[in-house]
$ cat protein-v5.cif   # mmCIF, C-alpha atoms
data_input
loop_
_atom_site.label_atom_id
_atom_site.label_comp_id
_atom_site.auth_asym_id
_atom_site.auth_seq_id
_atom_site.Cartn_x
_atom_site.Cartn_y
_atom_site.Cartn_z
CA MET I 1 101.30 -52.69 78.13
CA THR I 2 104.56 -52.23 79.93
CA ARG I 3 104.33 -55.76 81.20
CA ALA I 4 104.24 -57.16 77.71
CA ALA I 5 107.17 -55.01 76.71
CA ALA I 6 109.13 -56.33 79.63
CA GLU I 7 109.31 -59.78 78.13
CA PRO I 8 110.43 -59.42 74.54
CA GLU I 9 108.86 -62.07 72.37
CA LYS I 10 111.29 -64.91 72.53
CA ALA I 11 109.70 -67.42 70.21
CA ALA I 12 111.01 -70.91 70.53
CA PRO I 13 113.69 -71.62 67.92
CA VAL I 14 112.20 -73.16 64.80
CA ASP I 15 113.72 -75.94 62.73
CA ALA I 16 112.39 -75.13 59.28
CA ILE I 17 111.43 -71.89 57.62
CA ASP I 18 109.70 -71.36 54.32
CA LEU I 19 112.25 -69.22 52.52
CA ARG I 20 109.79 -67.79 50.02
CA LYS I 21 107.36 -66.82 52.73
CA GLU I 22 110.14 -65.20 54.70
CA PHE I 23 111.37 -63.38 51.60
CA GLU I 24 107.90 -62.08 50.84
CA ALA I 25 107.19 -61.21 54.44
CA VAL I 26 109.99 -58.68 54.60
CA ASP I 27 109.27 -57.51 51.07
CA ILE I 28 112.83 -56.65 50.12
CA ALA I 29 112.00 -57.69 46.58
CA SER I 30 110.05 -54.48 46.10
CA VAL I 31 112.86 -52.35 47.52
CA LEU I 32 115.35 -54.04 45.23
CA ALA I 33 113.02 -53.64 42.27
CA GLN I 34 112.61 -49.97 43.07
CA LEU I 35 116.37 -49.68 43.32
CA ASP I 36 116.69 -51.24 39.86
CA LYS I 37 114.07 -48.99 38.41
CA GLU I 38 115.09 -45.68 39.89
CA LEU I 39 118.84 -46.02 39.87
CA ILE I 40 120.39 -46.30 36.46
CA GLY I 41 123.60 -48.21 35.96
CA LEU I 42 125.61 -48.91 39.14
CA VAL I 43 125.55 -52.64 38.41
CA PRO I 44 128.33 -53.59 40.86
CA VAL I 45 126.61 -51.59 43.59
CA LYS I 46 123.27 -53.22 42.99
CA THR I 47 124.85 -56.67 42.95
CA ARG I 48 126.54 -55.90 46.23
CA ILE I 49 123.33 -54.63 47.81
CA ARG I 50 121.54 -57.75 46.63
CA GLU I 51 124.25 -59.84 48.25
CA ILE I 52 124.00 -57.91 51.50
CA ALA I 53 120.22 -58.20 51.46
CA SER I 54 120.46 -61.97 50.96
CA LEU I 55 123.02 -62.24 53.72
CA LEU I 56 120.79 -60.31 56.07
CA LEU I 57 117.77 -62.39 55.14
CA VAL I 58 119.68 -65.55 55.94
CA GLU I 59 120.98 -63.95 59.12
CA ARG I 60 117.41 -63.15 60.10
CA ILE I 61 116.36 -66.74 59.54
CA ARG I 62 119.36 -67.93 61.55
CA GLN I 63 118.28 -65.67 64.37
CA LYS I 64 114.84 -67.25 64.29
CA MET I 65 116.45 -70.67 64.40
CA ALA I 66 118.60 -69.47 67.30
CA LEU I 67 121.74 -70.18 65.30
CA ALA I 68 123.08 -66.63 65.04
CA SER I 69 125.74 -66.06 67.60
CA THR I 70 126.40 -62.35 67.26
CA PHE I 71 124.75 -59.38 65.64
CA PRO I 72 126.25 -58.93 62.18
CA THR I 73 128.46 -55.91 61.55
CA LEU I 74 126.64 -53.69 59.10
CA HIS I 75 128.82 -50.59 58.92
CA MET I 76 129.64 -49.71 55.34
CA SER I 77 131.83 -47.46 53.32
CA PHE I 78 130.75 -46.04 49.98
CA THR I 79 133.52 -44.79 47.77
CA GLY I 80 133.20 -43.17 44.40
CA ASN I 81 133.44 -39.98 42.46
CA PRO I 82 131.06 -37.10 43.08
CA GLY I 83 127.53 -37.55 41.81
CA THR I 84 127.61 -41.35 41.58
CA GLY I 85 124.61 -41.83 43.86
CA LYS I 86 126.23 -42.58 47.23
CA THR I 87 123.71 -40.59 49.26
CA THR I 88 120.75 -41.96 47.33
CA VAL I 89 121.92 -45.52 47.87
CA ALA I 90 122.50 -44.81 51.57
CA LEU I 91 118.86 -43.78 51.88
CA ARG I 92 117.76 -46.97 50.16
CA MET I 93 120.10 -49.01 52.31
CA ALA I 94 118.38 -47.65 55.41
CA GLY I 95 115.06 -48.82 53.96
CA ILE I 96 116.40 -52.30 53.30
CA LEU I 97 117.94 -52.60 56.76
CA HIS I 98 114.72 -51.39 58.32
CA ARG I 99 112.58 -53.92 56.46
CA LEU I 100 114.87 -56.71 57.49
CA GLY I 101 114.71 -55.53 61.07
CA PHE I 102 118.39 -54.69 61.47
CA VAL I 103 117.69 -51.07 62.31
CA ARG I 104 114.62 -50.21 64.33
CA ARG I 105 113.49 -46.91 62.79
CA GLY I 106 115.12 -46.71 59.39
CA HIS I 107 115.85 -42.99 59.34
CA VAL I 108 119.05 -41.51 57.95
CA ILE I 109 121.03 -38.76 59.65
CA SER I 110 123.37 -37.25 57.12
CA VAL I 111 126.33 -35.40 58.59
CA THR I 112 129.69 -33.99 57.62
CA ARG I 113 132.74 -33.05 59.67
CA ASP I 114 131.13 -29.81 60.88
CA ASP I 115 128.32 -31.69 62.61
CA LEU I 116 130.67 -33.95 64.54
CA VAL I 117 133.74 -31.93 65.34
CA GLY I 118 133.62 -29.05 67.81
CA GLN I 119 135.36 -25.73 67.73
CA TYR I 120 137.10 -25.72 71.06
CA ILE I 121 138.36 -28.16 73.67
CA GLY I 122 135.54 -30.15 75.22
CA HIS I 123 133.07 -29.27 72.50
CA THR I 124 133.61 -32.29 70.27
CA ALA I 125 132.54 -35.13 72.55
CA PRO I 126 129.06 -33.78 73.40
CA LYS I 127 128.53 -32.75 69.80
CA THR I 128 129.44 -36.16 68.41
CA LYS I 129 127.44 -37.94 71.08
CA GLU I 130 124.42 -35.79 70.33
CA ILE I 131 124.53 -36.76 66.67
CA LEU I 132 125.06 -40.41 67.55
CA LYS I 133 122.04 -40.33 69.84
CA LYS I 134 119.93 -38.83 67.09
CA ALA I 135 121.07 -41.48 64.64
CA MET I 136 120.35 -44.40 66.97
CA GLY I 137 117.82 -46.79 65.57
CA GLY I 138 118.77 -45.67 62.09
CA VAL I 139 121.68 -44.98 59.81
CA LEU I 140 124.39 -42.39 60.34
CA PHE I 141 125.68 -41.26 56.96
CA ILE I 142 129.00 -39.43 57.18
CA ASP I 143 129.72 -37.68 53.91
CA GLU I 144 133.33 -36.94 53.03
CA ALA I 145 134.42 -38.88 56.09
CA TYR I 146 138.15 -38.31 55.43
CA TYR I 147 137.82 -34.70 56.57
CA LEU I 148 137.41 -36.06 60.09
CA TYR I 149 141.09 -36.87 60.13
CA ARG I 150 143.53 -34.03 59.58
CA PRO I 151 147.03 -35.38 59.96
CA GLU I 152 148.62 -31.98 59.31
CA ASN I 153 147.25 -30.60 62.56
CA GLU I 154 148.03 -32.76 65.56
CA ARG I 155 145.73 -30.74 67.79
CA ASP I 156 142.76 -31.25 65.50
CA TYR I 157 139.62 -32.32 67.34
CA GLY I 158 138.66 -34.73 64.55
CA GLN I 159 140.60 -37.51 66.22
CA GLU I 160 138.36 -37.22 69.27
CA ALA I 161 135.25 -37.60 67.14
CA ILE I 162 136.81 -40.62 65.44
CA GLU I 163 137.50 -42.29 68.77
CA ILE I 164 133.93 -41.80 69.99
CA LEU I 165 132.59 -43.05 66.68
CA LEU I 166 134.74 -46.17 66.76
CA GLN I 167 133.69 -46.93 70.30
CA ILE I 168 129.97 -46.64 69.51
CA MET I 169 130.37 -48.53 66.23
CA GLU I 170 131.76 -51.43 68.21
CA SER I 171 129.63 -51.38 71.34
CA GLN I 172 126.24 -50.47 69.93
CA ARG I 173 126.16 -52.36 66.69
CA GLU I 174 122.51 -53.26 67.10
CA ASP I 175 121.49 -49.64 67.63
CA LEU I 176 123.27 -47.89 64.84
CA VAL I 177 124.66 -48.46 61.36
CA VAL I 178 127.37 -46.09 60.18
CA ILE I 179 127.95 -45.47 56.49
CA LEU I 180 131.06 -43.55 55.51
CA ALA I 181 131.19 -41.98 52.09
CA GLY I 182 133.79 -40.17 50.07
CA TYR I 183 136.05 -40.14 47.06
CA GLY I 184 137.93 -43.38 46.54
CA ASP I 185 141.56 -42.31 46.82
CA ARG I 186 141.09 -40.06 49.83
CA MET I 187 139.01 -42.66 51.67
CA GLU I 188 141.80 -45.14 51.04
CA LYS I 189 144.26 -42.77 52.70
CA PHE I 190 141.79 -42.21 55.55
CA PHE I 191 141.49 -45.94 56.20
CA GLN I 192 145.26 -46.33 56.08
CA SER I 193 145.74 -43.79 58.83
CA ASN I 194 142.77 -45.12 60.84
CA PRO I 195 143.03 -48.89 60.66
CA GLY I 196 140.37 -49.17 63.36
CA PHE I 197 137.80 -47.98 60.88
CA ARG I 198 138.67 -50.47 58.19
CA SER I 199 138.33 -53.43 60.49
CA ARG I 200 134.99 -52.25 61.84
CA ILE I 201 133.47 -51.81 58.42
CA ALA I 202 132.09 -54.96 56.92
CA HIS I 203 131.09 -53.77 53.48
CA HIS I 204 133.21 -51.63 51.21
CA ILE I 205 131.24 -50.66 48.13
CA ASP I 206 132.80 -48.84 45.22
CA PHE I 207 130.59 -46.68 43.02
CA PRO I 208 131.75 -46.62 39.39
CA ASP I 209 131.41 -43.59 37.12
CA TYR I 210 128.45 -43.58 34.77
CA ALA I 211 128.82 -44.39 31.07
CA ASP I 212 127.52 -41.85 28.53
CA ALA I 213 124.41 -43.90 27.78
CA GLU I 214 123.65 -44.17 31.48
CA LEU I 215 124.01 -40.43 31.93
CA LEU I 216 121.55 -39.90 29.09
CA ALA I 217 119.11 -42.31 30.68
CA ILE I 218 119.50 -40.45 33.97
CA ALA I 219 118.82 -37.15 32.22
CA GLU I 220 115.67 -38.54 30.63
CA LEU I 221 114.51 -39.94 33.95
CA MET I 222 115.07 -36.60 35.65
CA LEU I 223 113.21 -34.76 32.89
CA ASP I 224 110.40 -37.24 33.02
CA GLU I 225 110.01 -36.68 36.75
CA GLN I 226 109.61 -32.96 36.09
CA ASN I 227 107.28 -33.52 33.11
CA TYR I 228 109.71 -32.41 30.44
CA ARG I 229 111.03 -34.29 27.47
CA PHE I 230 113.71 -33.99 24.82
CA ALA I 231 112.73 -33.31 21.24
CA PRO I 232 114.58 -35.86 19.04
CA GLU I 233 117.24 -33.34 17.92
CA ALA I 234 117.63 -32.10 21.49
CA ARG I 235 118.33 -35.65 22.57
CA ASP I 236 121.14 -35.93 20.01
CA ALA I 237 122.45 -32.58 21.14
CA PHE I 238 122.45 -33.75 24.73
CA VAL I 239 124.44 -36.84 23.78
CA LYS I 240 127.06 -34.48 22.38
CA TYR I 241 126.75 -32.32 25.48
CA ILE I 242 127.54 -35.26 27.75
CA ALA I 243 130.60 -36.18 25.72
CA ALA I 244 131.83 -32.59 25.80
CA ARG I 245 131.07 -32.03 29.48
CA LYS I 246 132.91 -35.18 30.51
CA THR I 247 136.20 -33.91 29.15
CA GLN I 248 135.94 -30.71 31.15
CA PRO I 249 137.12 -30.31 34.73
CA LEU I 250 134.85 -30.65 37.76
CA PHE I 251 132.59 -33.15 36.10
CA SER I 252 130.47 -34.77 38.79
CA ASN I 253 128.37 -37.38 37.02
CA ALA I 254 124.65 -37.24 37.77
CA ARG I 255 124.98 -33.98 39.67
CA SER I 256 126.43 -32.23 36.60
CA ILE I 257 123.59 -33.64 34.56
CA ARG I 258 121.05 -32.27 37.00
CA ASN I 259 122.66 -28.84 36.93
CA ALA I 260 122.81 -28.91 33.13
CA LEU I 261 119.11 -29.76 32.99
CA ASP I 262 118.33 -26.89 35.33
CA ARG I 263 120.11 -24.48 33.01
CA ILE I 264 118.44 -26.02 29.97
CA ARG I 265 115.05 -25.47 31.55
CA LEU I 266 116.05 -21.89 32.16
CA ARG I 267 116.91 -21.39 28.50
CA GLN I 268 113.74 -23.14 27.39
CA ALA I 269 111.64 -20.82 29.53
CA ASN I 270 113.52 -17.85 28.17
CA ARG I 271 112.92 -19.00 24.61
CA LEU I 272 109.20 -19.43 25.25
CA VAL I 273 108.83 -16.03 26.83
CA SER I 274 110.79 -14.25 24.11
CA THR I 275 107.90 -14.59 21.62
CA LEU I 276 104.82 -13.47 23.47
CA ASP I 277 102.22 -13.39 20.68
CA ARG I 278 101.46 -17.03 20.36
CA ILE I 279 99.28 -19.78 21.81
CA LEU I 280 101.27 -22.27 23.85
CA THR I 281 100.31 -25.92 23.92
CA SER I 282 101.27 -28.26 26.72
CA ASP I 283 103.56 -29.91 24.22
CA ASP I 284 105.44 -26.63 23.79
CA VAL I 285 106.04 -26.20 27.48
CA MET I 286 107.12 -29.78 27.90
CA SER I 287 109.51 -30.20 25.04
CA ILE I 288 113.13 -29.13 25.08
CA GLU I 289 114.54 -28.13 21.73
CA ALA I 290 118.03 -28.67 20.40
CA GLY I 291 118.69 -24.93 20.66
CA ASP I 292 118.16 -25.01 24.41
CA VAL I 293 120.91 -27.59 24.72
CA LEU I 294 123.30 -26.23 22.16
CA ALA I 295 123.37 -22.77 23.71
CA SER I 296 125.35 -24.26 26.58
CA ARG I 297 128.68 -22.78 27.55
CA VAL I 298 130.15 -26.26 27.38
CA PHE I 299 130.03 -26.27 23.61
CA SER I 300 131.67 -22.88 23.23
CA ALA I 301 134.40 -23.84 25.70
CA ASP I 302 134.84 -27.10 23.88
CA ALA I 303 135.07 -25.34 20.54
CA GLY I 304 137.39 -22.78 22.06
CA ALA I 305 139.67 -25.48 23.39
CA ARG I 306 139.74 -27.15 19.99
CA ARG I 307 140.58 -23.85 18.36
CA ASP I 308 143.41 -23.37 20.83
CA ARG I 309 144.80 -26.75 20.01
CA ALA I 310 144.47 -26.21 16.29
CA MET F 311 110.07 -46.10 103.10
CA ARG F 312 109.62 -46.26 99.38
CA VAL F 313 109.29 -42.85 97.78
CA THR F 314 106.30 -42.64 95.47
CA GLN F 315 106.54 -39.74 93.05
CA GLY F 316 105.52 -39.48 89.43
CA CYS F 317 104.06 -42.13 87.17
CA PHE F 318 104.28 -45.85 87.91
CA SER F 319 105.69 -45.24 91.38
CA PHE F 320 103.19 -47.57 93.04
CA LEU F 321 104.27 -50.37 90.73
CA ALA F 322 107.38 -52.44 91.14
CA ASP F 323 110.48 -50.74 89.75
CA LEU F 324 110.42 -50.69 85.97
CA THR F 325 112.83 -52.99 84.19
CA ASP F 326 115.10 -51.55 81.51
CA ALA F 327 112.89 -53.04 78.79
CA GLN F 328 109.87 -51.31 80.34
CA ILE F 329 111.75 -48.00 80.61
CA THR F 330 112.79 -48.33 76.97
CA ALA F 331 109.17 -48.88 75.96
CA GLN F 332 108.03 -45.83 77.92
CA VAL F 333 110.79 -43.65 76.50
CA GLN F 334 109.95 -44.83 73.00
CA TYR F 335 106.34 -43.87 73.66
CA CYS F 336 107.46 -40.35 74.64
CA LEU F 337 109.63 -40.04 71.53
CA GLU F 338 106.80 -41.17 69.28
CA LYS F 339 104.64 -38.47 70.83
CA GLY F 340 107.34 -35.97 69.90
CA TRP F 341 108.27 -35.07 73.45
CA ALA F 342 111.77 -34.06 74.47
CA VAL F 343 113.08 -36.51 77.01
CA ASN F 344 115.50 -35.57 79.75
CA ILE F 345 117.13 -37.25 82.70
CA GLU F 346 117.20 -35.67 86.16
CA PHE F 347 118.68 -36.77 89.46
CA THR F 348 118.59 -35.73 93.09
CA ASP F 349 119.33 -36.99 96.57
CA ASP F 350 116.68 -34.91 98.29
CA PRO F 351 113.55 -37.04 98.27
CA HIS F 352 111.22 -34.36 99.69
CA PRO F 353 108.01 -34.32 97.60
CA ARG F 354 108.16 -30.53 97.22
CA ASN F 355 111.67 -30.70 95.78
CA THR F 356 110.60 -30.18 92.18
CA TYR F 357 113.87 -28.85 90.81
CA TRP F 358 116.13 -31.83 90.31
CA ASP F 359 119.58 -31.60 88.77
CA MET F 360 119.68 -32.26 85.05
CA TRP F 361 121.87 -34.91 83.52
CA GLY F 362 123.06 -33.12 80.40
CA LEU F 363 120.59 -31.29 78.24
CA PRO F 364 117.11 -32.41 77.26
CA MET F 365 117.39 -34.64 74.22
CA PHE F 366 115.56 -33.25 71.23
CA ASP F 367 115.02 -34.84 67.81
CA LEU F 368 115.74 -38.40 68.87
CA ARG F 369 114.02 -41.23 67.06
CA ASP F 370 114.99 -44.20 69.13
CA ALA F 371 115.13 -44.85 72.86
CA ALA F 372 118.60 -46.39 72.65
CA GLY F 373 120.29 -43.00 72.90
CA ILE F 374 118.44 -42.12 76.09
CA MET F 375 119.03 -45.53 77.61
CA LYS F 376 122.73 -45.02 76.98
CA GLU F 377 122.63 -41.70 78.82
CA LEU F 378 120.64 -43.30 81.63
CA ALA F 379 123.25 -46.03 81.99
CA GLU F 380 125.91 -43.34 82.16
CA CYS F 381 123.92 -41.38 84.75
CA ARG F 382 123.41 -44.51 86.84
CA ARG F 383 127.12 -45.19 86.74
CA VAL F 384 127.85 -41.77 88.24
CA TYR F 385 124.77 -41.23 90.44
CA GLY F 386 123.59 -44.78 91.02
CA ASP F 387 123.01 -44.02 94.72
CA ARG F 388 120.49 -41.24 94.05
CA TYR F 389 117.01 -40.87 92.66
CA ILE F 390 116.96 -40.60 88.87
CA ARG F 391 113.85 -39.78 86.90
CA ILE F 392 112.99 -39.47 83.24
CA CYS F 393 110.72 -36.65 82.10
CA GLY F 394 108.97 -36.18 78.78
CA PHE F 395 108.41 -32.53 77.92
CA ASP F 396 105.67 -31.66 75.45
CA SER F 397 106.46 -28.38 73.72
CA SER F 398 103.27 -28.27 71.66
CA HIS F 399 101.05 -25.23 72.04
CA GLY F 400 98.63 -25.47 74.93
CA TRP F 401 100.72 -28.02 76.80
CA GLU F 402 104.23 -26.63 77.07
CA SER F 403 104.88 -28.67 80.16
CA VAL F 404 106.11 -32.00 81.40
CA ARG F 405 103.67 -34.71 80.34
CA ILE F 406 105.28 -37.66 82.01
CA SER F 407 107.82 -38.13 84.75
CA PHE F 408 108.82 -41.39 86.36
CA ILE F 409 111.54 -42.63 88.68
CA VAL F 410 113.99 -45.00 87.04
CA ASN F 411 116.56 -45.37 89.78
CA ARG F 412 116.43 -45.14 93.55
CA PRO F 413 118.91 -45.59 96.41
CA SER F 414 119.21 -49.10 97.74
CA GLU F 415 118.03 -47.93 101.13
CA GLU F 416 115.40 -45.25 101.61
CA PRO F 417 115.19 -44.21 105.26
CA GLY F 418 111.95 -42.28 104.79
CA PHE F 419 110.57 -39.18 106.47
CA ARG F 420 110.09 -37.84 109.96
CA LEU F 421 106.86 -35.98 110.66
CA ASP F 422 107.36 -32.89 112.85
CA ARG F 423 104.40 -31.42 114.70
CA GLN F 424 104.69 -27.87 115.89
CA GLU F 425 102.18 -26.48 118.38
CA SER F 426 101.33 -23.02 117.25
CA THR F 427 99.04 -20.30 118.49
CA GLY F 428 95.74 -21.50 119.86
CA ARG F 429 95.35 -25.19 119.23
CA LYS F 430 96.79 -24.92 115.70
CA ILE F 431 99.29 -27.56 114.68
CA ARG F 432 101.80 -27.15 111.83
CA TYR F 433 103.19 -30.24 110.23
CA SER F 434 106.40 -30.62 108.30
CA THR F 435 108.00 -33.65 106.71
CA HIS F 436 111.70 -34.05 107.05
CA ALA F 437 113.66 -36.60 105.06
CA TYR F 438 116.07 -38.46 107.31
CA ALA F 439 118.49 -38.62 104.45
CA ALA F 440 118.51 -34.83 104.15
CA GLY F 441 120.26 -34.61 107.52
CA ARG F 442 123.56 -35.23 105.84
CA PRO F 443 125.08 -32.89 103.28
CA GLU F 444 124.25 -33.25 99.63
CA GLY F 445 126.13 -36.04 97.93
CA GLU F 446 126.64 -38.04 101.16
CA ARG F 447 123.02 -38.82 101.84
CA TYR F 448 122.80 -42.36 100.62
CA GLY F 449 126.19 -43.63 101.64
CA GLY F 450 127.55 -42.72 98.24
CA SER F 451 130.54 -40.74 97.16
#

$ encode --input "protein-v5.cif" --output "structure tokens"
Amino acid sequence: MTRAAAEPEKAAPVDAIDLRKEFEAVDIASVLAQLDKELIGLVPVKTRIREIASLLLVERIRQKMALASTFPTLHMSFTGNPGTGKTTVALRMAGILHRLGFVRRGHVISVTRDDLVGQYIGHTAPKTKEILKKAMGGVLFIDEAYYLYRPENERDYGQEAIEILLQIMESQREDLVVILAGYGDRMEKFFQSNPGFRSRIAHHIDFPDYADAELLAIAELMLDEQNYRFAPEARDAFVKYIAARKTQPLFSNARSIRNALDRIRLRQANRLVSTLDRILTSDDVMSIEAGDVLASRVFSADAGARRDRA
Amino acid sequence: MRVTQGCFSFLADLTDAQITAQVQYCLEKGWAVNIEFTDDPHPRNTYWDMWGLPMFDLRDAAGIMKELAECRRVYGDRYIRICGFDSSHGWESVRISFIVNRPSEEPGFRLDRQESTGRKIRYSTHAYAAGRPEGERYGGS
């Protein structure tokens, strides 16, 4: 067994490859279809992922034809507002890369500054290296990457972590794909102060905010997954809720929607329990009424704000 | 004299691709892999120095191979072995251990015979290399 492993299969370079067969063999079509189905909106992101997938497919064929000279750089940066699906897409990305054979295991290690940067001198390097070792063969997802760099404190250990990261990103491109994520403007500043990062990242993908209709579709998808559904009036109420919530501070797209749905479920359960002497049908437990939505604090705050202005 | 300890030691030295395959096997079994080194080749020397900590929760052999390369850079003139530790209940011990690096020249062992009471003879093996202090045994640093 070890003998076979010693000589990695070096098939003779081929001249012609059936593109369709190759495309079906790696089965990225199903990953992309799943991406389309499960992620609402995000058209520019999906287009970009499709492009990357095509590029990698071609790269794979070129490797088989012995035309590829170097391993492609796959490090990416995802920028966008909170709750726009960066983490979800990163997970999918790992799947795509794994199917195409650009990462060996396809797992995702999701970290933030705390996981990489140590607390005292000499603590950072082993900590960062440990994480990097764990991520090898997969994807290292660094959320809110700009926190790594703290210009206001020159003795900050973040710089050390950055240097190790950059070194590994360059020297072990075939072992590890790094995805940096964060809010657009702060990532921009981060890249400005760390030009090494920008040049080592091949794909910058910007995640747009969701439109109201998309947020509603997301809400319905989330409810459907949990076996709930909006009653028609509740749906209208939720449309109003989205519009109202968007104007308020700390709106974080799909995450706000998920939290709102959690609270709506809470109110629905409360409503059901408040009248005990009745027979519940499955329809009752599944449906969310307009009252459950309209009781939200968002509406009162909205009304309050309007009253203030008036 | 070639030291034969652990798995695969009667085979030719493993290539890096073969080591990678073995390490990957360990990882897929869920064992924690660690790297150890020594310059005392005596077979009863079971406690080798550890290169860093055992590596838990790794998925791919690349991380360990990177550490091995680093260890070879520093202690390339010593014996280095890779161990796979199985922490599952009932085992809780090293499941595999194999040498991945050895000094370019292995002088071997001297056999000492000691006549004892009666016609009893005590034997002891003595590594020639162990005559010199630790760290200078294989012409290294």

$ interface_residues --input "protein-v5.cif" --of "chain F" --to "chain I" --cutoff "9 Å" --atoms "all atoms listed in the file" --output "VMD selection string"
chain F and resid 324 to 332 365 to 374 376

$ resolve_selection --input "protein-v5.cif" --expression "the PyMOL selection byres ((chain I and resi 231) around 12)" --output "number ranges by chain"
I: 220, 223, 228-230, 232-238, 268, 283-293

$ resolve_selection --input "protein-v5.cif" --expression "the PyMOL selection byres ((chain I and resi 144) around 7)" --output "JSON, numbers by chain"
{"I": [112, 142, 143, 145, 146, 147, 181, 182]}

$ resolve_selection --input "protein-v5.cif" --expression "the PyMOL selection byres ((chain F and resi 347) around 10)" --output "list of chain:residue names"
F:Ile345, F:Glu346, F:Thr348, F:Asp349, F:Asp350, F:Tyr357, F:Trp358, F:Asp359, F:Met360, F:Trp361, F:Cys381, F:Arg382, F:Tyr385, F:Gly386, F:Asp387, F:Arg388, F:Tyr389, F:Ile390, F:Arg391, F:Ile392, F:Ile409, F:Val410, F:Asn411, F:Arg412

$ atom_distance --input "protein-v5.cif" --atom1 "atom CA of Lys21 of chain I" --atom2 "atom CA of Ile96 of chain I"
17.1 Å

$ closest_residue --input "protein-v5.cif" --among "F:Phe320, F:Tyr448, F:Trp341, F:Tyr335" --to "Ser414 of chain F" --atoms "all atoms listed in the file"
F:Tyr448

$ atom_distance --input "protein-v5.cif" --atom1 "atom CA of Leu35 of chain I" --atom2 "atom CA of His98 of chain I"
15.2 Å

$ atom_distance --input "protein-v5.cif" --atom1 "atom CA of Val298 of chain I" --atom2 "atom CA of Leu272 of chain I"
22.1 Å

$ closest_residue --input "protein-v5.cif" --among "I:Arg186, I:Leu116, I:Phe191, I:Arg198" --to "Ile164 of chain I" --atoms "all atoms listed in the file"
I:Leu116

$ residues_near_point --input "protein-v5.cif" --point "(109.2, -31.4, 81.1)" --cutoff "6 Å" --atoms "all atoms listed in the file" --output "JSON, numbers by chain"
{"F": [393, 394, 395, 403, 404]}

$ residues_around --input "protein-v5.cif" --residues "Ala125 of chain I" --least-positions-apart "6" --cutoff "10 Å" --atoms "only C-alpha atoms" --output "PDB file with C-alpha atoms, keeping the file's coordinate frame"
ATOM      1  CA  LEU I 116     130.670 -33.950  64.540  1.00  0.00           C
ATOM      2  CA  VAL I 117     133.740 -31.930  65.340  1.00  0.00           C
ATOM      3  CA  GLY I 118     133.620 -29.050  67.810  1.00  0.00           C
ATOM      4  CA  TYR I 157     139.620 -32.320  67.340  1.00  0.00           C
ATOM      5  CA  GLU I 160     138.360 -37.220  69.270  1.00  0.00           C
ATOM      6  CA  ALA I 161     135.250 -37.600  67.140  1.00  0.00           C
ATOM      7  CA  ILE I 162     136.810 -40.620  65.440  1.00  0.00           C
ATOM      8  CA  GLU I 163     137.500 -42.290  68.770  1.00  0.00           C
ATOM      9  CA  ILE I 164     133.930 -41.800  69.990  1.00  0.00           C
ATOM     10  CA  LEU I 165     132.590 -43.050  66.680  1.00  0.00           C
TER      11      LEU I 165
END

$ residues_around --input "protein-v5.cif" --residues "Pro353 of chain F" --least-positions-apart "2" --cutoff "9 Å" --atoms "all atoms listed in the file" --output "PyMOL selection string"
chain F and resi 313-315+350-351+355-356

$ closest_residue --input "protein-v5.cif" --among "F:Gln334, F:Asn344, F:Ser407, F:Thr435" --to "Gly316 of chain F" --atoms "all atoms listed in the file"
F:Ser407

$ residues_around --input "protein-v5.cif" --residues "Met222 of chain I" --least-positions-apart "4" --cutoff "10 Å" --atoms "all atoms listed in the file" --output "VMD selection string"
chain I and resid 216 to 218 226 to 229 254 257 to 258 261

$ closest_residue --input "protein-v5.cif" --among "F:Phe318, F:Phe408, F:Trp401, F:Val333" --to "Met375 of chain F" --atoms "all atoms listed in the file"
F:Val333

$ residues_near_point --input "protein-v5.cif" --point "(113.6, -64.1, 48.8)" --cutoff "12 Å" --atoms "only C-alpha atoms" --output "PyMOL selection string"
chain I and resi 17-32+50-51+53-58+60-61+100

$ write_last_selection --input "protein-v5.cif" --atoms "C-alpha atoms" --output "short mmCIF file (atom, residue, chain, number, x, y, z; two decimals), in the coordinates of the input"
data_model
loop_
_atom_site.label_atom_id
_atom_site.label_comp_id
_atom_site.auth_asym_id
_atom_site.auth_seq_id
_atom_site.Cartn_x
_atom_site.Cartn_y
_atom_site.Cartn_z
CA ILE I 17 111.43 -71.89 57.62
CA ASP I 18 109.70 -71.36 54.32
CA LEU I 19 112.25 -69.22 52.52
CA ARG I 20 109.79 -67.79 50.02
CA LYS I 21 107.36 -66.82 52.73
CA GLU I 22 110.14 -65.20 54.70
CA PHE I 23 111.37 -63.38 51.60
CA GLU I 24 107.90 -62.08 50.84
CA ALA I 25 107.19 -61.21 54.44
CA VAL I 26 109.99 -58.68 54.60
CA ASP I 27 109.27 -57.51 51.07
CA ILE I 28 112.83 -56.65 50.12
CA ALA I 29 112.00 -57.69 46.58
CA SER I 30 110.05 -54.48 46.10
CA VAL I 31 112.86 -52.35 47.52
CA LEU I 32 115.35 -54.04 45.23
CA ARG I 50 121.54 -57.75 46.63
CA GLU I 51 124.25 -59.84 48.25
CA ALA I 53 120.22 -58.20 51.46
CA SER I 54 120.46 -61.97 50.96
CA LEU I 55 123.02 -62.24 53.72
CA LEU I 56 120.79 -60.31 56.07
CA LEU I 57 117.77 -62.39 55.14
CA VAL I 58 119.68 -65.55 55.94
CA ARG I 60 117.41 -63.15 60.10
CA ILE I 61 116.36 -66.74 59.54
CA LEU I 100 114.87 -56.71 57.49
#
